[in-house]
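Undergrad: Below you'll find model30.csv; it's CSV, C-alpha atoms and all ligand atoms.
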```
chain,number,residue,atom,x,y,z
A,287,MET,CA,-55.7,-12.0,-72.2
A,288,ASN,CA,-57.2,-10.7,-69.0
A,289,SER,CA,-54.7,-11.5,-66.3
A,290,LYS,CA,-57.4,-11.2,-63.7
A,291,HIS,CA,-58.6,-14.6,-64.6
A,292,ARG,CA,-57.6,-17.5,-62.4
A,293,PRO,CA,-54.8,-19.9,-63.5
A,294,ASP,CA,-57.1,-22.6,-64.7
A,295,THR,CA,-58.8,-20.2,-67.0
A,296,GLN,CA,-55.6,-18.5,-68.1
A,297,ILE,CA,-54.0,-21.6,-69.4
A,298,VAL,CA,-57.0,-22.5,-71.5
A,299,HIS,CA,-57.2,-19.2,-73.3
A,300,THR,CA,-53.8,-17.5,-73.3
A,301,GLY,CA,-51.9,-17.0,-76.6
A,302,SER,CA,-55.0,-17.9,-78.6
A,303,ARG,CA,-56.5,-15.4,-81.1
A,304,PRO,CA,-58.9,-17.4,-83.3
A,305,GLU,CA,-60.1,-14.1,-84.9
A,306,GLU,CA,-56.7,-13.7,-86.5
A,307,GLN,CA,-56.6,-17.3,-87.8
A,308,GLN,CA,-59.9,-17.7,-89.6
A,309,GLY,CA,-61.5,-18.9,-86.4
A,310,VAL,CA,-59.1,-21.7,-85.8
A,311,MET,CA,-58.6,-22.3,-82.1
A,312,ASN,CA,-54.9,-23.1,-82.0
A,313,PRO,CA,-52.3,-20.9,-83.6
A,314,PRO,CA,-51.1,-22.8,-86.6
A,315,VAL,CA,-47.5,-23.8,-87.2
A,316,TYR,CA,-45.7,-21.1,-89.2
A,317,ARG,CA,-42.4,-22.6,-90.3
A,318,ALA,CA,-40.0,-20.0,-91.7
A,319,SER,CA,-36.5,-19.2,-92.4
A,320,THR,CA,-37.0,-16.6,-95.1
A,321,VAL,CA,-39.6,-13.9,-94.7
A,322,THR,CA,-40.1,-11.6,-97.6
A,323,PHE,CA,-40.9,-7.9,-97.8
A,324,PRO,CA,-42.5,-5.7,-100.5
A,325,THR,CA,-40.0,-2.8,-100.2
A,326,VAL,CA,-36.7,-2.0,-98.8
A,327,ASN,CA,-38.3,0.3,-96.3
A,328,ALA,CA,-40.6,-2.4,-95.1
A,329,MET,CA,-37.6,-4.7,-94.7
A,330,ASN,CA,-35.6,-2.1,-92.7
A,331,GLU,CA,-38.6,-1.4,-90.5
A,332,ALA,CA,-39.1,-5.1,-89.8
A,333,GLU,CA,-35.4,-5.5,-89.0
A,334,ALA,CA,-35.6,-2.7,-86.5
A,335,ASN,CA,-38.5,-4.5,-84.9
A,336,ARG,CA,-37.2,-8.0,-85.4
A,337,PHE,CA,-38.1,-9.2,-81.9
A,338,ASP,CA,-41.7,-8.1,-82.3
A,339,THR,CA,-42.6,-8.8,-85.9
A,340,VAL,CA,-42.0,-11.6,-88.2
A,341,PHE,CA,-38.6,-10.7,-89.7
A,342,TYR,CA,-36.5,-13.9,-89.9
A,343,GLY,CA,-37.3,-17.5,-88.7
A,344,LEU,CA,-34.8,-17.5,-85.9
A,345,TYR,CA,-36.3,-14.5,-84.1
A,346,GLY,CA,-39.8,-15.9,-84.1
A,347,THR,CA,-42.9,-16.6,-86.1
A,348,PRO,CA,-46.6,-16.2,-85.0
A,349,THR,CA,-46.4,-19.7,-83.5
A,350,THR,CA,-43.4,-19.0,-81.3
A,351,PHE,CA,-44.8,-15.6,-80.3
A,352,ALA,CA,-48.1,-17.1,-79.3
A,353,TYR,CA,-46.3,-19.7,-77.2
A,354,GLU,CA,-44.1,-17.1,-75.6
A,355,GLU,CA,-47.1,-14.9,-74.8
A,356,ALA,CA,-48.8,-17.8,-73.1
A,357,ILE,CA,-45.8,-18.8,-71.1
A,358,ALA,CA,-45.2,-15.2,-69.8
A,359,GLU,CA,-48.8,-15.1,-68.7
A,360,LEU,CA,-48.6,-18.5,-67.0
A,361,GLU,CA,-45.5,-17.4,-65.0
A,362,GLY,CA,-46.7,-13.9,-64.4
A,363,GLY,CA,-43.7,-12.3,-66.1
A,364,TYR,CA,-43.2,-9.5,-68.6
A,365,ARG,CA,-42.3,-11.6,-71.7
A,366,SER,CA,-40.6,-14.9,-72.6
A,367,VAL,CA,-38.0,-16.2,-74.9
A,368,THR,CA,-38.2,-19.7,-76.3
A,369,VAL,CA,-35.2,-21.8,-77.2
A,370,ALA,CA,-34.5,-25.4,-78.3
A,371,SER,CA,-34.2,-27.1,-74.9
A,372,GLY,CA,-34.3,-26.5,-71.2
A,373,LEU,CA,-30.6,-26.7,-71.1
A,374,ALA,CA,-30.2,-24.1,-73.9
A,375,ALA,CA,-32.5,-21.9,-71.8
A,376,ILE,CA,-30.2,-22.1,-68.8
A,377,ALA,CA,-27.1,-21.5,-71.0
A,378,VAL,CA,-28.6,-18.5,-72.7
A,379,ALA,CA,-29.9,-16.9,-69.5
A,380,LEU,CA,-26.4,-17.3,-67.9
A,381,MET,CA,-24.5,-16.1,-70.9
A,382,ALA,CA,-26.9,-13.1,-71.2
A,383,TYR,CA,-25.7,-11.7,-67.9
A,384,LEU,CA,-22.2,-13.0,-67.3
A,385,LYS,CA,-18.8,-11.9,-68.7
A,386,ALA,CA,-15.1,-12.6,-67.9
A,387,GLY,CA,-14.3,-11.7,-64.3
A,388,ASP,CA,-17.9,-12.1,-63.0
A,389,HIS,CA,-18.9,-14.4,-60.3
A,390,LEU,CA,-21.8,-16.8,-60.3
A,391,LEU,CA,-23.5,-18.4,-57.2
A,392,MET,CA,-24.9,-21.7,-58.3
A,393,VAL,CA,-27.0,-24.0,-56.1
A,394,ASP,CA,-25.3,-27.2,-55.1
A,395,SER,CA,-28.4,-29.3,-55.9
A,396,ALA,CA,-28.6,-28.0,-59.5
A,397,TYR,CA,-29.6,-30.2,-62.5
A,398,GLY,CA,-26.4,-32.1,-63.5
A,399,PRO,CA,-26.0,-30.5,-66.9
A,400,THR,CA,-26.3,-27.0,-65.4
A,401,ARG,CA,-23.3,-27.8,-63.3
A,402,LYS,CA,-21.4,-29.1,-66.3
A,403,PHE,CA,-22.2,-26.0,-68.2
A,404,CYS,CA,-20.7,-23.9,-65.4
A,405,ASP,CA,-17.6,-26.1,-65.0
A,406,ASN,CA,-16.8,-26.5,-68.7
A,407,ILE,CA,-18.1,-23.4,-70.6
A,408,LEU,CA,-18.4,-20.6,-68.1
A,409,ASN,CA,-15.1,-21.6,-66.5
A,410,ARG,CA,-13.4,-21.4,-69.9
A,411,CYS,CA,-14.9,-17.9,-70.3
A,412,GLY,CA,-13.2,-16.6,-67.1
A,413,ILE,CA,-16.5,-16.7,-65.1
A,414,GLU,CA,-16.1,-18.2,-61.6
A,415,THR,CA,-18.8,-20.4,-60.1
A,416,THR,CA,-19.2,-20.9,-56.3
A,417,TYR,CA,-21.6,-23.6,-55.4
A,418,TYR,CA,-23.8,-22.9,-52.3
A,419,ASP,CA,-25.9,-24.9,-49.9
A,420,PRO,CA,-29.5,-25.0,-51.2
A,421,LEU,CA,-30.8,-24.3,-47.7
A,422,VAL,CA,-28.6,-21.2,-47.3
A,423,GLY,CA,-31.6,-18.8,-47.3
A,424,GLY,CA,-30.7,-15.2,-46.4
A,425,ALA,CA,-27.2,-16.2,-45.4
A,426,ILE,CA,-26.4,-16.1,-49.1
A,427,GLY,CA,-25.5,-12.5,-48.3
A,428,ASP,CA,-22.3,-13.7,-46.7
A,429,ILE,CA,-21.0,-15.2,-49.9
A,430,ILE,CA,-22.0,-12.5,-52.3
A,431,ARG,CA,-19.0,-10.7,-53.7
A,432,PRO,CA,-18.7,-7.4,-55.5
A,433,GLU,CA,-18.3,-9.4,-58.7
A,434,THR,CA,-21.3,-11.6,-58.1
A,435,LYS,CA,-23.8,-11.0,-61.0
A,436,VAL,CA,-26.1,-14.0,-60.9
A,437,ILE,CA,-27.6,-16.2,-58.1
A,438,PHE,CA,-29.0,-19.3,-59.7
A,439,THR,CA,-31.6,-21.3,-57.9
A,440,GLU,CA,-33.5,-24.5,-58.6
A,441,SER,CA,-36.3,-25.2,-56.3
A,442,PRO,CA,-36.9,-27.9,-55.4
A,443,GLY,CA,-33.7,-29.5,-56.6
A,444,SER,CA,-34.8,-32.0,-59.2
A,445,LEU,CA,-32.9,-35.0,-57.7
A,446,THR,CA,-32.7,-34.2,-54.0
A,447,PHE,CA,-35.7,-31.9,-53.5
A,448,GLU,CA,-34.3,-29.2,-51.2
A,449,VAL,CA,-36.8,-26.3,-51.3
A,450,GLN,CA,-35.1,-23.0,-51.4
A,451,ASP,CA,-36.1,-19.8,-49.6
A,452,LEU,CA,-36.4,-17.6,-52.7
A,453,PRO,CA,-37.8,-14.5,-51.0
A,454,ALA,CA,-34.8,-14.5,-48.5
A,455,ILE,CA,-32.3,-15.1,-51.3
A,456,SER,CA,-33.7,-12.3,-53.5
A,457,GLU,CA,-33.9,-10.0,-50.4
A,458,ALA,CA,-30.2,-10.5,-49.8
A,459,ALA,CA,-29.5,-9.8,-53.5
A,460,CYS,CA,-31.6,-6.7,-54.0
A,461,ASN,CA,-30.1,-3.4,-54.7
A,462,GLN,CA,-26.8,-5.1,-55.7
A,463,ASP,CA,-27.1,-5.4,-59.5
A,464,ILE,CA,-27.5,-9.2,-59.1
A,465,LYS,CA,-30.0,-11.2,-61.1
A,466,VAL,CA,-31.8,-14.1,-59.3
A,467,MET,CA,-32.6,-16.9,-61.7
A,468,LEU,CA,-34.8,-19.9,-61.0
A,469,ASP,CA,-35.0,-23.2,-62.7
A,470,ASN,CA,-38.8,-23.5,-62.2
A,471,THR,CA,-39.3,-26.8,-64.1
A,472,TRP,CA,-40.7,-28.8,-61.2
A,473,SER,CA,-43.6,-26.5,-60.5
A,474,ALA,CA,-44.3,-26.0,-64.3
A,475,GLY,CA,-44.9,-22.4,-63.5
A,476,PHE,CA,-48.3,-23.5,-62.2
A,477,TYR,CA,-47.6,-24.3,-58.6
A,478,LEU,CA,-45.0,-21.6,-58.0
A,479,LYS,CA,-45.3,-18.0,-59.4
A,480,PRO,CA,-41.7,-17.0,-59.6
A,481,PHE,CA,-42.0,-13.3,-59.7
A,482,GLU,CA,-44.1,-13.3,-56.5
A,483,VAL,CA,-41.1,-14.7,-54.6
A,484,GLY,CA,-38.5,-12.2,-55.9
A,485,VAL,CA,-37.1,-14.0,-58.9
A,486,ASP,CA,-35.9,-11.9,-61.9
A,487,ILE,CA,-35.5,-14.6,-64.5
A,488,SER,CA,-37.5,-17.9,-64.6
A,489,ILE,CA,-36.4,-20.8,-66.7
A,490,GLN,CA,-38.2,-24.0,-67.5
A,491,ALA,CA,-37.6,-27.1,-69.5
A,492,THR,CA,-40.9,-27.1,-71.5
A,493,THR,CA,-39.7,-30.6,-72.4
A,494,LYS,CA,-41.2,-31.7,-69.1
A,495,TYR,CA,-44.7,-30.8,-67.9
A,496,LEU,CA,-45.6,-28.1,-70.3
A,497,ALA,CA,-45.2,-30.4,-73.4
A,498,GLY,CA,-46.2,-33.3,-71.2
A,499,HIS,CA,-46.0,-36.2,-73.6
A,500,ALA,CA,-42.3,-37.2,-73.6
A,501,ASP,CA,-41.9,-36.2,-77.3
A,502,VAL,CA,-40.8,-32.6,-77.3
A,503,MET,CA,-37.5,-30.8,-76.6
A,504,LEU,CA,-38.1,-27.1,-75.7
A,505,GLY,CA,-37.1,-24.5,-73.2
A,506,HIS,CA,-38.1,-21.0,-72.2
A,507,ILE,CA,-36.9,-18.0,-70.2
A,508,THR,CA,-39.3,-15.6,-68.7
A,509,ALA,CA,-38.2,-12.1,-67.6
A,510,LYS,CA,-39.8,-10.0,-65.0
A,511,SER,CA,-39.1,-6.7,-66.7
A,512,GLU,CA,-38.9,-5.3,-70.2
A,513,GLU,CA,-35.2,-4.6,-69.7
A,514,ASP,CA,-34.4,-8.1,-68.7
A,515,TRP,CA,-36.5,-9.6,-71.5
A,516,LEU,CA,-34.5,-7.5,-74.0
A,517,THR,CA,-31.2,-8.6,-72.5
A,518,VAL,CA,-32.2,-12.3,-72.8
A,519,LYS,CA,-33.8,-12.0,-76.2
A,520,THR,CA,-30.8,-10.1,-77.6
A,521,ALA,CA,-28.3,-12.7,-76.2
A,522,ALA,CA,-30.4,-15.6,-77.6
A,523,GLY,CA,-30.5,-14.0,-81.1
A,524,LEU,CA,-26.8,-13.3,-81.0
A,525,MET,CA,-26.0,-16.9,-80.2
A,526,GLY,CA,-28.4,-18.3,-82.8
A,527,HIS,CA,-31.1,-19.6,-80.4
A,528,GLY,CA,-34.7,-19.6,-81.2
A,529,GLY,CA,-37.8,-21.8,-80.5
A,530,GLU,CA,-38.8,-24.3,-83.2
A,531,PRO,CA,-42.3,-23.7,-84.3
A,532,ASP,CA,-43.6,-27.3,-84.3
A,533,ASN,CA,-42.4,-27.7,-80.8
A,534,CYS,CA,-43.8,-24.4,-79.7
A,535,TYR,CA,-47.2,-25.5,-81.1
A,536,LEU,CA,-46.9,-28.7,-79.0
A,537,GLY,CA,-45.9,-26.7,-76.0
A,538,LEU,CA,-48.9,-24.5,-76.2
A,539,ARG,CA,-51.2,-27.5,-76.9
A,540,GLY,CA,-49.7,-29.1,-73.8
A,541,MET,CA,-50.4,-26.1,-71.7
A,542,ARG,CA,-54.2,-26.4,-72.3
A,543,THR,CA,-54.3,-29.6,-70.2
A,544,LEU,CA,-51.5,-28.7,-67.8
A,545,SER,CA,-53.8,-28.2,-64.8
A,546,VAL,CA,-55.7,-31.5,-65.0
A,547,ARG,CA,-52.5,-33.5,-65.8
A,548,LEU,CA,-50.6,-31.9,-62.9
A,549,GLU,CA,-53.5,-32.7,-60.6
A,550,ARG,CA,-53.3,-36.4,-61.5
A,551,HIS,CA,-49.5,-36.4,-61.3
A,552,GLN,CA,-49.7,-34.8,-57.8
A,553,GLU,CA,-52.4,-37.2,-56.6
A,554,ASN,CA,-50.5,-40.3,-57.8
A,555,ALA,CA,-47.2,-39.1,-56.4
A,556,MET,CA,-48.8,-38.5,-53.0
A,557,LYS,CA,-50.3,-42.0,-53.1
A,558,LEU,CA,-47.0,-43.6,-54.0
A,559,ALA,CA,-45.1,-41.5,-51.5
A,560,ASN,CA,-47.5,-42.3,-48.7
A,561,TRP,CA,-47.3,-46.0,-49.5
A,562,LEU,CA,-43.5,-45.9,-49.7
A,563,ALA,CA,-43.2,-44.0,-46.4
A,564,ALA,CA,-44.8,-47.0,-44.6
A,565,ARG,CA,-42.5,-49.6,-46.2
A,566,PRO,CA,-39.5,-51.1,-44.3
A,567,GLU,CA,-37.3,-50.9,-47.4
A,568,VAL,CA,-37.5,-47.0,-47.4
A,569,ASP,CA,-35.4,-44.8,-45.2
A,570,THR,CA,-36.5,-41.3,-46.3
A,571,ILE,CA,-39.0,-39.7,-48.6
A,572,LEU,CA,-37.7,-36.6,-50.4
A,573,HIS,CA,-41.0,-35.1,-51.5
A,574,PRO,CA,-41.6,-31.4,-50.7
A,575,ALA,CA,-45.0,-32.2,-49.2
A,576,PHE,CA,-43.4,-34.5,-46.6
A,577,SER,CA,-42.0,-33.0,-43.4
A,578,GLN,CA,-38.7,-35.0,-43.8
A,579,CYS,CA,-37.9,-33.1,-47.0
A,580,PRO,CA,-35.5,-30.2,-46.4
A,581,GLY,CA,-37.4,-27.0,-46.9
A,582,HIS,CA,-40.8,-28.6,-46.5
A,583,GLU,CA,-42.1,-25.5,-44.6
A,584,ILE,CA,-40.9,-23.2,-47.4
A,585,TRP,CA,-42.8,-25.4,-49.9
A,586,GLN,CA,-45.9,-25.0,-47.8
A,587,ARG,CA,-45.5,-21.3,-47.7
A,588,ASP,CA,-44.6,-20.5,-51.3
A,589,PHE,CA,-46.1,-23.3,-53.5
A,590,THR,CA,-49.8,-24.1,-54.2
A,591,GLY,CA,-49.2,-27.7,-55.1
A,592,ALA,CA,-46.7,-30.5,-55.9
A,593,SER,CA,-45.9,-32.1,-59.2
A,594,GLY,CA,-45.3,-35.8,-59.7
A,595,LEU,CA,-41.5,-36.0,-59.3
A,596,PHE,CA,-39.9,-37.1,-56.0
A,597,SER,CA,-37.1,-39.3,-54.6
A,598,ILE,CA,-36.7,-41.9,-52.0
A,599,ILE,CA,-33.7,-43.1,-50.1
A,600,LEU,CA,-33.6,-46.9,-49.5
A,601,ARG,CA,-32.0,-48.6,-46.5
A,602,ASN,CA,-28.6,-49.9,-47.1
A,603,TYR,CA,-29.1,-52.3,-50.1
A,604,SER,CA,-26.4,-53.3,-52.5
A,605,ARG,CA,-26.2,-52.0,-56.0
A,606,GLU,CA,-27.0,-55.6,-57.3
A,607,ARG,CA,-30.2,-55.7,-55.4
A,608,VAL,CA,-31.3,-52.3,-56.5
A,609,ASN,CA,-30.5,-53.2,-60.1
A,610,ALA,CA,-32.5,-56.4,-59.7
A,611,MET,CA,-35.5,-54.3,-58.5
A,612,LEU,CA,-35.2,-51.8,-61.4
A,613,ASP,CA,-34.4,-54.2,-64.2
A,614,GLY,CA,-37.7,-56.0,-63.6
A,615,MET,CA,-40.1,-53.1,-63.4
A,616,ASP,CA,-43.2,-53.6,-65.5
A,617,LEU,CA,-44.8,-50.1,-65.6
A,618,PHE,CA,-42.0,-47.8,-64.3
A,619,ALA,CA,-39.7,-47.2,-67.2
A,620,LEU,CA,-36.0,-46.6,-66.7
A,621,GLY,CA,-35.2,-43.3,-68.4
A,622,TYR,CA,-34.1,-39.7,-68.1
A,623,SER,CA,-36.4,-36.7,-68.3
A,624,TRP,CA,-39.9,-36.6,-66.8
A,625,GLY,CA,-43.2,-34.7,-67.0
A,626,GLY,CA,-44.7,-37.1,-69.5
A,627,PHE,CA,-47.8,-39.2,-69.0
A,628,GLU,CA,-45.8,-42.3,-68.1
A,629,SER,CA,-44.1,-43.3,-64.8
A,630,LEU,CA,-40.3,-43.4,-64.6
A,631,ILE,CA,-37.7,-44.5,-62.2
A,632,ILE,CA,-33.9,-43.9,-62.0
A,633,PRO,CA,-31.2,-44.7,-59.5
A,634,PHE,CA,-28.9,-41.8,-58.6
A,635,ASP,CA,-25.9,-41.0,-56.5
A,636,PRO,CA,-25.3,-37.3,-55.9
A,637,ARG,CA,-22.0,-37.8,-54.2
A,638,GLY,CA,-20.0,-37.0,-57.4
A,639,SER,CA,-21.8,-33.8,-58.2
A,640,ARG,CA,-21.8,-31.9,-54.9
A,641,SER,CA,-19.1,-29.7,-53.5
A,642,ALA,CA,-20.8,-27.2,-51.1
A,643,THR,CA,-22.7,-29.9,-49.2
A,644,LYS,CA,-22.2,-33.5,-48.2
A,645,TRP,CA,-24.6,-36.3,-49.2
A,646,ASN,CA,-24.8,-38.7,-46.3
A,647,ALA,CA,-27.8,-40.9,-47.2
A,648,ALA,CA,-28.4,-44.2,-45.5
A,649,GLY,CA,-28.5,-46.1,-48.7
A,650,PRO,CA,-29.1,-45.8,-52.5
A,651,ALA,CA,-31.5,-43.2,-53.8
A,652,LEU,CA,-34.2,-43.6,-56.5
A,653,ARG,CA,-36.1,-40.8,-58.3
A,654,LEU,CA,-39.6,-41.5,-59.3
A,655,HIS,CA,-41.9,-39.7,-61.7
A,656,ALA,CA,-45.5,-40.6,-61.0
A,657,GLY,CA,-47.3,-40.8,-64.4
A,658,GLN,CA,-51.0,-41.0,-65.0
A,659,GLU,CA,-51.5,-44.7,-64.7
A,660,ASP,CA,-53.8,-46.2,-62.0
A,661,PRO,CA,-51.9,-45.7,-58.8
A,662,ASP,CA,-52.8,-49.1,-57.5
A,663,ASP,CA,-51.1,-50.7,-60.5
A,664,LEU,CA,-48.0,-48.5,-59.9
A,665,ILE,CA,-48.0,-49.6,-56.2
A,666,ALA,CA,-48.2,-53.3,-57.2
A,667,ASP,CA,-45.3,-52.7,-59.6
A,668,LEU,CA,-43.2,-51.2,-56.7
A,669,GLU,CA,-44.3,-54.0,-54.4
A,670,ARG,CA,-43.0,-56.7,-56.8
A,671,GLY,CA,-39.9,-54.5,-57.2
A,672,PHE,CA,-39.3,-54.6,-53.4
A,673,ASP,CA,-39.6,-58.4,-53.5
A,674,ARG,CA,-36.7,-58.4,-56.0
A,675,LEU,CA,-34.8,-55.9,-53.8
A,676,ASN,CA,-35.2,-58.3,-50.9
A,677,ASP,CA,-34.2,-61.3,-53.0
A,678,LYS,CA,-37.5,-62.9,-52.4
A,679,VAL,CA,-38.2,-64.0,-56.0
B,1,LIG,C1,-34.7,-31.7,-67.8
B,1,LIG,C2,-34.3,-30.5,-67.1
B,1,LIG,C3,-33.6,-29.5,-67.7
B,1,LIG,C4,-33.2,-29.5,-69.1
B,1,LIG,O1,-34.2,-29.6,-70.0
B,1,LIG,P1,-34.0,-30.3,-71.5
B,1,LIG,O2,-35.1,-29.8,-72.3
B,1,LIG,O3,-33.9,-31.7,-71.3
B,1,LIG,O4,-32.7,-29.7,-72.0
B,1,LIG,C5,-33.3,-28.4,-66.9
B,1,LIG,N1,-33.7,-28.3,-65.6
B,1,LIG,C6,-34.3,-29.3,-65.0
B,1,LIG,C7,-34.6,-29.2,-63.6
B,1,LIG,C8,-34.6,-30.5,-65.7
B,1,LIG,O5,-35.2,-31.5,-65.1
```
Represent the supplied structure as C-alpha cells.
TA:
Amino acid sequence: MNSKHRPDTQIVHTGSRPEEQQGVMNPPVYRASTVTFPTVNAMNEAEANRFDTVFYGLYGTPTTFAYEEAIAELEGGYRSVTVASGLAAIAVALMAYLKAGDHLLMVDSAYGPTRKFCDNILNRCGIETTYYDPLVGGAIGDIIRPETKVIFTESPGSLTFEVQDLPAISEAACNQDIKVMLDNTWSAGFYLKPFEVGVDISIQATTKYLAGHADVMLGHITAKSEEDWLTVKTAAGLMGHGGEPDNCYLGLRGMRTLSVRLERHQENAMKLANWLAARPEVDTILHPAFSQCPGHEIWQRDFTGASGLFSIILRNYSRERVNAMLDGMDLFALGYSWGGFESLIIPFDPRGSRSATKWNAAGPALRLHAGQEDPDDLIADLERGFDRLNDKV
C-alpha cells in the first residue's frame, strides 16, 4: 500500500491483495497447523524464514500476515505481531524485553490486568515494577534507574483518562536503552499515531474498536523498527503465541469501517458528556476533550480525535443508589470490555489499584462506552437512571 494515502483511504485498502486471491476482496481465512513441503530443502528454507512465509500455523498464515500488515500501516510502524488477546499482547511485549534484575516503570493508571501481570508474573521472575504518576511527563527521568529497561504507558488511562505526555517521556528515555511501550487501545491507532510521539512499541486490544462488534478476542503489538519487531515476534513464537486466523479475518474486516464507526462513537460520547456535564448529579467529566480531564491540553496537542469511552464522577451517592441506577438501565448494558456497537456502563473504584497516586474523587465513578444508538435514546436512559439514583421512582 501507498502510505502517502490519508488514513481513511489506508484503512479501506491496506492488507488487501485481490489479485492474489482470485479477485476476492477480503483475504480468506487460512486455517492451519500443519503446512507441508515438497522437499527437505524447501522445508528447511521455510523454517529459516518462518516469520515471513507460511511454515507452521502458529507463526502465521496469509490471513494473519494480511492483518498484521494492515495494523502496521494503520499505526505507522515497521511491522506487527498478532496474538490471542490484548492482555497477551501486553504480556508478550513485556516478556520480550525484560529479564531477572531488570526494572519496569509502569503507569499507575494502567488497565487492571496489566497491573496484575506485573505484580504476579513479572514479580515472580525477579523483575521489579515501580508505578509512576500518569502526569509525570519529563520528570520520569528522575525515577529512571540504570536497570530500567521499559517504560510502559497507557494514554489515556482506560478508567481514569489521564492523558500522558508521551513525547516528554520518550525524550527522557532516549539514548538509554529503554523501550517506551504504549497501550494505544483507546485511540484505536486512528486518533493517535504512536510512532510520531516517540513510542517504540504500540499495543492494542484489537478486541475493542478494531474488531468493533463485541465478539472477537485479539491483540497486536506493532514495532517501530525491524529489530524491535524481530525481538517481539521471536518472543511470541517462543512462548507459543500467535494470532488466530478467523479472528484476524474479523479484525481486518472491522478495520474497513473503523473510521465511520469511531466518528459515531466520538459524536455520541461528546453529546452524552456535554449533557452529563450540565447535570447536578455529576461532579466531574473525565473525557480527554474536556478541560477538567487531566492532560486535556496534551490530548489537544497529540490526538486527532476522541473515541467513545469516558468516565464520570458522581456527587457523593451511596452504593445502593448507584446500584439502583445501574440495575435498571434499558440501553446501557453492564459489562466489561468496550469498542463494540453497543453502549456500556460500569461502576469502578480505583482506590484498590493505585500506589503512586491517590484517588480523591468526590463520589462514586462510572465508566461509559457510547455505542452507536441514537444519542437521544441514550440520554433518556441516563435521565431515568438519575431518577433512580435520586430515589425518585
Ligand atoms: C481490554 C483492554 C485490554 C485487554 O484486551 P483483551 O483483548 O480483553 O485481553 C488491554 N488494554 C486496555 C486499555 C483494554 O481496555
Undergrad: Give me, as a tab-separated table, the closest atom pair and its distance (Å, one decimal) for every residue of segment 462-548 of chain A within a cut-off of 12 Å of segment 318-330 of chain A, counting only C-alpha atoms, rows sorted by chain and rising number.
TA:
```
residue	atom	partner	partner_atom	distance
A:Gly528	CA	A:Ser319	CA	11.4
A:Gly529	CA	A:Ala318	CA	11.6
A:Glu530	CA	A:Ala318	CA	9.6
A:Pro531	CA	A:Ala318	CA	8.6
A:Asp532	CA	A:Ala318	CA	11.0
```
Undergrad: Could you pull the residues within 12 Å of Pro432 of chain A, counting all atoms listed in the file, minus those fewer than 6 positions along the same chain, as a compact mmCIF listing (two decimals) with C-alpha atoms, keeping the file's coordinate frame?
TA:
```txt
# COMPACT_ATOMS: atom_id res chain seq x y z
CA GLY A 387 -14.30 -11.70 -64.30
CA ASP A 388 -17.90 -12.10 -63.00
CA HIS A 389 -18.90 -14.40 -60.30
CA LEU A 390 -21.80 -16.80 -60.30
CA ALA A 459 -29.50 -9.80 -53.50
CA GLN A 462 -26.80 -5.10 -55.70
CA ASP A 463 -27.10 -5.40 -59.50
CA ILE A 464 -27.50 -9.20 -59.10
```
Undergrad: Quick one: pull the distance between atom CA of Met541 of chain A and atom CA of Ile631 of chain A, Å, one decimal.
TA: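 Atom-to-atom, atom CA of Met541 of chain A to atom CA of Ile631 of chain A, that is 24.3 Å.
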Undergrad: Under the rule of at most 8 Å, produce a per-residue listing of chain A near ligand LIG 1 (chain B): chain, number, name, the closest pair of atoms, and the distance in Å, as CSV, using only C-alpha atoms and all ligand atoms.
TA:
```
residue,atom,partner,partner_atom,distance
A:Ala370,CA,B:LIG1,O2,7.5
A:Ser371,CA,B:LIG1,O2,3.9
A:Gly372,CA,B:LIG1,O1,3.3
A:Leu373,CA,B:LIG1,O4,3.8
A:Ala374,CA,B:LIG1,O4,6.4
A:Ala375,CA,B:LIG1,O4,7.8
A:Ile376,CA,B:LIG1,C5,7.3
A:Ala396,CA,B:LIG1,C7,7.4
A:Tyr397,CA,B:LIG1,C7,5.2
A:Pro399,CA,B:LIG1,C4,7.6
A:Thr400,CA,B:LIG1,C5,7.3
A:Glu440,CA,B:LIG1,C7,6.9
A:Gly443,CA,B:LIG1,C7,7.1
A:Ser444,CA,B:LIG1,C7,5.2
A:Asp469,CA,B:LIG1,N1,6.0
A:Asn470,CA,B:LIG1,C7,7.2
A:Thr471,CA,B:LIG1,C7,5.3
A:Trp472,CA,B:LIG1,C7,6.6
A:Gln490,CA,B:LIG1,N1,6.5
A:Ala491,CA,B:LIG1,O1,4.2
A:Thr492,CA,B:LIG1,O2,6.4
A:Thr493,CA,B:LIG1,O2,4.7
A:Lys494,CA,B:LIG1,C1,6.6
A:Met503,CA,B:LIG1,O2,5.0
A:Leu504,CA,B:LIG1,O2,5.3
A:Gly505,CA,B:LIG1,O2,5.7
A:Ser623,CA,B:LIG1,C1,5.3
A:Trp624,CA,B:LIG1,O5,7.1
```
Undergrad: Go through A:Cys534, A:Tyr417, A:Ala619, A:Leu630 and flag the residue nearest Arg317 of chain A, using all atoms listed in the file for the distances.
TA: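 Nearest candidate to Arg317 of chain A out of A:Cys534, A:Tyr417, A:Ala619, A:Leu630: A:Cys534.
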Undergrad: Quick one: everything within 9 Å of Gln658 of chain A, counting only C-alpha atoms, minus sequence neighbours fewer than 5 positions away in the same chain. Send it as a list in words.
TA: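 So, after excluding close chain neighbours, the residues are Arg547, Arg550, His551, Asn554, Gly626, Phe627, Glu628 and Ser629 of chain A.
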Undergrad: Compile the contact shell of Ala358 of chain A as an NGL selection string: residues with an atom at most 9 Å away, counting all atoms listed in the file, same-chain residues fewer than 3 positions apart removed.
TA: :A and (353-355 or 361-367 or 507-510)
Undergrad: Counting only C-alpha atoms, which residues in segment 406-515 of chain A sit no more than 10 Å from segment 580-595 of chain A? For each one, give the nearest pair of atoms and the distance in Å, sorted by chain then residue number, as a tab-separated table.
TA:
```
residue	atom	partner	partner_atom	distance
A:Pro420	CA	A:Gly581	CA	9.2
A:Leu421	CA	A:Gly581	CA	7.2
A:Ser441	CA	A:Trp585	CA	9.1
A:Pro442	CA	A:Trp585	CA	8.4
A:Ser444	CA	A:Leu595	CA	7.8
A:Leu445	CA	A:Leu595	CA	8.8
A:Thr446	CA	A:Pro580	CA	9.0
A:Phe447	CA	A:Pro580	CA	7.3
A:Glu448	CA	A:Pro580	CA	5.0
A:Val449	CA	A:Gly581	CA	4.5
A:Gln450	CA	A:Gly581	CA	6.4
A:Asp451	CA	A:Ile584	CA	6.3
A:Leu452	CA	A:Asp588	CA	8.8
A:Pro453	CA	A:Asp588	CA	9.1
A:Thr471	CA	A:Ser593	CA	9.8
A:Trp472	CA	A:Ser593	CA	6.5
A:Ser473	CA	A:Ser593	CA	6.2
A:Ala474	CA	A:Ser593	CA	8.1
A:Phe476	CA	A:Thr590	CA	8.2
A:Tyr477	CA	A:Thr590	CA	4.9
A:Leu478	CA	A:Phe589	CA	4.9
A:Lys479	CA	A:Phe589	CA	8.0
A:Pro480	CA	A:Asp588	CA	9.5
A:Glu482	CA	A:Asp588	CA	8.9
A:Val483	CA	A:Asp588	CA	7.5
A:Tyr495	CA	A:Ser593	CA	8.9
```
